[in-house]
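What follows is a single structure, written as structure tokens, with notes after it.
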Amino acid sequence: MNRAERRRLGRDVGKEGEWKFHSSPKEQNAGAGWFGEMDRVYSNNKYSVLIRTVVTDWGPVEHAAIRNVSGTDIPWKEKQRIKNELFGEEYTAIEVFPKESELVDEANMYHLWVLPKSMNLPFGID
């Protein structure tokens with residue numbers, strides 16, 4: 001966990017409770033594929049978030065896999081709040097809807113890709 005994450009975690013305590021840092025699959029040598037690469041795990045009373053850094057042509061991108069304790073849908077507003085609390089309000093994240101041939105939908109988990117802070121998407125709502 002970097003200094004910015006520790007600072008944000010110390011001040012961002014919502015109705016779900018404080019974010020707690022946990023041992024990761026990577027530290028425990030547990031799992032395979034992307035799951036085994038997750039090197040940071042946070043949870044509060046409602047959500048668990050696993051994070052890994054992926055080196056891309058765009059620079060380092062943070063892959064955040066989000067799940068709630070009830071295993072149900074997570075509204076957009078909640079994913080936005082989680083992104084803000086764990087990464088910062090001025091970071092852009094995207095959620096990908098893949099081709100059906102590349103779809104993996106077994107764990108009721110949502111994936112955000114948090115882009116480098118300096119990166120701006122070439123499209124938006126404005």
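Following the order of the structure tokens, chains are lettered A, B, ..., residues in each are numbered from 1, and ligands are numbered from 1.
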
Each residue of segment 45-94 of chain A lying at most 12 Å from segment 21-36 of chain A should get a row with its shortest atom-to-atom pair and the distance in Å to one decimal, counting only C-alpha atoms; could you produce that, ordered by chain and increasing number, as a tab-separated table?
```
residue	atom	partner	partner_atom	distance
A:Ser48	CA	A:His22	CA	9.9
A:Val49	CA	A:Phe21	CA	9.7
A:Leu50	CA	A:Ser24	CA	7.8
A:Ile51	CA	A:Ser24	CA	8.9
A:Arg52	CA	A:Trp34	CA	8.2
A:Thr53	CA	A:Trp34	CA	10.3
A:Val54	CA	A:Trp34	CA	9.7
A:His63	CA	A:Trp34	CA	9.4
A:Ala64	CA	A:Phe35	CA	10.7
A:Ala65	CA	A:Phe35	CA	9.1
A:Leu86	CA	A:Phe21	CA	11.0
```

Selected residues, N, CA and C atoms, written as a PDB file, in the first residue's frame, please.
```
ATOM      1  N   SER A  48     -15.329  -6.106  -0.877  1.00  0.00           N
ATOM      2  CA  SER A  48     -13.935  -6.557  -0.956  1.00  0.00           C
ATOM      3  C   SER A  48     -13.404  -6.094  -2.303  1.00  0.00           C
ATOM      4  N   VAL A  49     -12.176  -5.578  -2.294  1.00  0.00           N
ATOM      5  CA  VAL A  49     -11.551  -5.098  -3.523  1.00  0.00           C
ATOM      6  C   VAL A  49     -10.152  -5.683  -3.610  1.00  0.00           C
ATOM      7  N   LEU A  50      -9.888  -6.412  -4.684  1.00  0.00           N
ATOM      8  CA  LEU A  50      -8.558  -6.966  -4.955  1.00  0.00           C
ATOM      9  C   LEU A  50      -7.931  -6.120  -6.046  1.00  0.00           C
ATOM     10  N   ILE A  51      -6.630  -5.789  -5.898  1.00  0.00           N
ATOM     11  CA  ILE A  51      -5.976  -4.877  -6.839  1.00  0.00           C
ATOM     12  C   ILE A  51      -4.637  -5.437  -7.292  1.00  0.00           C
ATOM     13  N   ARG A  52      -4.351  -5.233  -8.567  1.00  0.00           N
ATOM     14  CA  ARG A  52      -3.037  -5.550  -9.118  1.00  0.00           C
ATOM     15  C   ARG A  52      -2.678  -4.458 -10.116  1.00  0.00           C
ATOM     16  N   THR A  53      -1.401  -4.277 -10.340  1.00  0.00           N
ATOM     17  CA  THR A  53      -0.936  -3.320 -11.336  1.00  0.00           C
ATOM     18  C   THR A  53      -0.589  -4.081 -12.603  1.00  0.00           C
ATOM     19  N   VAL A  54      -1.112  -3.607 -13.725  1.00  0.00           N
ATOM     20  CA  VAL A  54      -0.854  -4.212 -15.022  1.00  0.00           C
ATOM     21  C   VAL A  54      -0.069  -3.200 -15.858  1.00  0.00           C
ATOM     22  N   HIS A  63      -5.860  -2.721 -11.912  1.00  0.00           N
ATOM     23  CA  HIS A  63      -7.026  -3.583 -12.116  1.00  0.00           C
ATOM     24  C   HIS A  63      -7.647  -3.810 -10.743  1.00  0.00           C
ATOM     25  N   ALA A  64      -8.873  -3.351 -10.565  1.00  0.00           N
ATOM     26  CA  ALA A  64      -9.583  -3.515  -9.295  1.00  0.00           C
ATOM     27  C   ALA A  64     -10.774  -4.440  -9.503  1.00  0.00           C
ATOM     28  N   ALA A  65     -10.786  -5.563  -8.806  1.00  0.00           N
ATOM     29  CA  ALA A  65     -11.895  -6.520  -8.857  1.00  0.00           C
ATOM     30  C   ALA A  65     -12.723  -6.316  -7.598  1.00  0.00           C
ATOM     31  N   LEU A  86     -10.399   4.521  -2.827  1.00  0.00           N
ATOM     32  CA  LEU A  86      -9.176   3.723  -2.873  1.00  0.00           C
ATOM     33  C   LEU A  86      -8.105   4.274  -3.810  1.00  0.00           C
TER      34      LEU A  86
END
```

Which residues come within 8 Å of Val61 of chain A, counting only C-alpha atoms, excluding same-chain residues fewer than 6 positions away, as an mmCIF file with N, CA and C atoms, in the first residue's frame?
```
data_model
loop_
_atom_site.group_PDB
_atom_site.id
_atom_site.type_symbol
_atom_site.label_atom_id
_atom_site.label_comp_id
_atom_site.auth_asym_id
_atom_site.auth_seq_id
_atom_site.Cartn_x
_atom_site.Cartn_y
_atom_site.Cartn_z
ATOM 1 N N THR A 53 -1.401 -4.277 -10.340
ATOM 2 C CA THR A 53 -0.936 -3.320 -11.336
ATOM 3 C C THR A 53 -0.589 -4.081 -12.603
ATOM 4 N N VAL A 54 -1.112 -3.607 -13.725
ATOM 5 C CA VAL A 54 -0.854 -4.212 -15.022
ATOM 6 C C VAL A 54 -0.069 -3.200 -15.858
ATOM 7 N N VAL A 55 1.072 -3.605 -16.371
ATOM 8 C CA VAL A 55 1.866 -2.732 -17.234
ATOM 9 C C VAL A 55 1.305 -2.818 -18.647
ATOM 10 N N TRP A 113 -10.719 -0.645 -14.337
ATOM 11 C CA TRP A 113 -9.346 -0.440 -14.787
ATOM 12 C C TRP A 113 -9.049 1.027 -14.548
ATOM 13 N N VAL A 114 -8.236 1.306 -13.524
ATOM 14 C CA VAL A 114 -7.930 2.679 -13.129
ATOM 15 C C VAL A 114 -6.706 3.135 -13.923
ATOM 16 N N LEU A 115 -6.911 4.172 -14.710
ATOM 17 C CA LEU A 115 -5.885 4.649 -15.628
ATOM 18 C C LEU A 115 -4.867 5.540 -14.918
ATOM 19 N N PRO A 116 -3.687 5.726 -15.523
ATOM 20 C CA PRO A 116 -2.710 6.651 -14.937
ATOM 21 C C PRO A 116 -3.348 8.033 -14.770
#
```

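The gap separating atom CA of Thr92 of chain A from atom CA of Tyr110 of chain A is 15.9 Å, in Å to one decimal.
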
(request) Skip Ile82 of chain A itself and residues of its chain fewer than 4 positions away, then list as a PyMOL selection string all residues within 9 Å of it, counting only C-alpha atoms. (result) chain A and resi 47+49+66+77-78+86-87

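Comparing A:Glu102, A:Glu62, A:Glu18, A:Glu85 by their smallest distance to Asn45 of chain A, the closest is A:Glu18 (using only C-alpha atoms).
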
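Across the model, the gap from atom CA of Gly59 of chain A to atom CA of Asp39 of chain A is 18.0 Å.
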
(message) Give me, as a PyMOL selection string, the residues of segment 6-55 of chain A that a backbone DSSP run labels alpha helix (DSSP H).
(response) chain A and resi 6-11+33-37

Selection from above, N, CA, C and O atoms, as a PDB file, in the first residue's frame, can you write it?
```pdb
ATOM      1  N   ARG A   6      -2.716   4.998   1.942  1.00  0.00           N
ATOM      2  CA  ARG A   6      -2.847   5.039   3.407  1.00  0.00           C
ATOM      3  C   ARG A   6      -3.520   6.328   3.862  1.00  0.00           C
ATOM      4  O   ARG A   6      -4.369   6.317   4.744  1.00  0.00           O
ATOM      5  N   ARG A   7      -3.156   7.452   3.245  1.00  0.00           N
ATOM      6  CA  ARG A   7      -3.735   8.735   3.612  1.00  0.00           C
ATOM      7  C   ARG A   7      -5.234   8.745   3.314  1.00  0.00           C
ATOM      8  O   ARG A   7      -6.036   9.160   4.141  1.00  0.00           O
ATOM      9  N   ARG A   8      -5.628   8.259   2.120  1.00  0.00           N
ATOM     10  CA  ARG A   8      -7.052   8.227   1.765  1.00  0.00           C
ATOM     11  C   ARG A   8      -7.828   7.295   2.680  1.00  0.00           C
ATOM     12  O   ARG A   8      -8.929   7.603   3.122  1.00  0.00           O
ATOM     13  N   LEU A   9      -7.256   6.145   2.964  1.00  0.00           N
ATOM     14  CA  LEU A   9      -7.961   5.179   3.812  1.00  0.00           C
ATOM     15  C   LEU A   9      -8.199   5.740   5.198  1.00  0.00           C
ATOM     16  O   LEU A   9      -9.213   5.478   5.818  1.00  0.00           O
ATOM     17  N   GLY A  10      -7.272   6.527   5.698  1.00  0.00           N
ATOM     18  CA  GLY A  10      -7.409   7.088   7.032  1.00  0.00           C
ATOM     19  C   GLY A  10      -8.525   8.092   7.155  1.00  0.00           C
ATOM     20  O   GLY A  10      -9.068   8.298   8.228  1.00  0.00           O
ATOM     21  N   ARG A  11      -8.925   8.720   6.042  1.00  0.00           N
ATOM     22  CA  ARG A  11      -9.955   9.755   6.149  1.00  0.00           C
ATOM     23  C   ARG A  11     -11.282   9.374   5.511  1.00  0.00           C
ATOM     24  O   ARG A  11     -12.265  10.046   5.694  1.00  0.00           O
ATOM     25  N   GLY A  33      -3.393 -17.290 -12.612  1.00  0.00           N
ATOM     26  CA  GLY A  33      -3.848 -16.242 -13.519  1.00  0.00           C
ATOM     27  C   GLY A  33      -3.880 -14.885 -12.847  1.00  0.00           C
ATOM     28  O   GLY A  33      -3.092 -14.600 -11.943  1.00  0.00           O
ATOM     29  N   TRP A  34      -4.828 -14.045 -13.290  1.00  0.00           N
ATOM     30  CA  TRP A  34      -4.896 -12.686 -12.752  1.00  0.00           C
ATOM     31  C   TRP A  34      -5.176 -12.686 -11.256  1.00  0.00           C
ATOM     32  O   TRP A  34      -4.687 -11.820 -10.535  1.00  0.00           O
ATOM     33  N   PHE A  35      -5.946 -13.653 -10.767  1.00  0.00           N
ATOM     34  CA  PHE A  35      -6.262 -13.693  -9.334  1.00  0.00           C
ATOM     35  C   PHE A  35      -4.983 -13.844  -8.503  1.00  0.00           C
ATOM     36  O   PHE A  35      -4.803 -13.176  -7.493  1.00  0.00           O
ATOM     37  N   GLY A  36      -4.085 -14.692  -8.936  1.00  0.00           N
ATOM     38  CA  GLY A  36      -2.835 -14.901  -8.218  1.00  0.00           C
ATOM     39  C   GLY A  36      -1.903 -13.711  -8.262  1.00  0.00           C
ATOM     40  O   GLY A  36      -0.962 -13.619  -7.476  1.00  0.00           O
ATOM     41  N   GLU A  37      -2.153 -12.760  -9.178  1.00  0.00           N
ATOM     42  CA  GLU A  37      -1.337 -11.554  -9.285  1.00  0.00           C
ATOM     43  C   GLU A  37      -1.832 -10.420  -8.387  1.00  0.00           C
ATOM     44  O   GLU A  37      -1.167  -9.392  -8.269  1.00  0.00           O
TER      45      GLU A  37
END
```

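Note that the spacing between atom CA of Gly71 of chain A and atom CA of Pro98 of chain A amounts to 21.0 Å.
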
(request) Based on DSSP run over this structure's backbone, return all residues of segment 9-120 of chain A in strand (DSSP E), as a PyMOL selection string. (result) chain A and resi 20-22+40-43+47-56+59-68+93-94+110-114
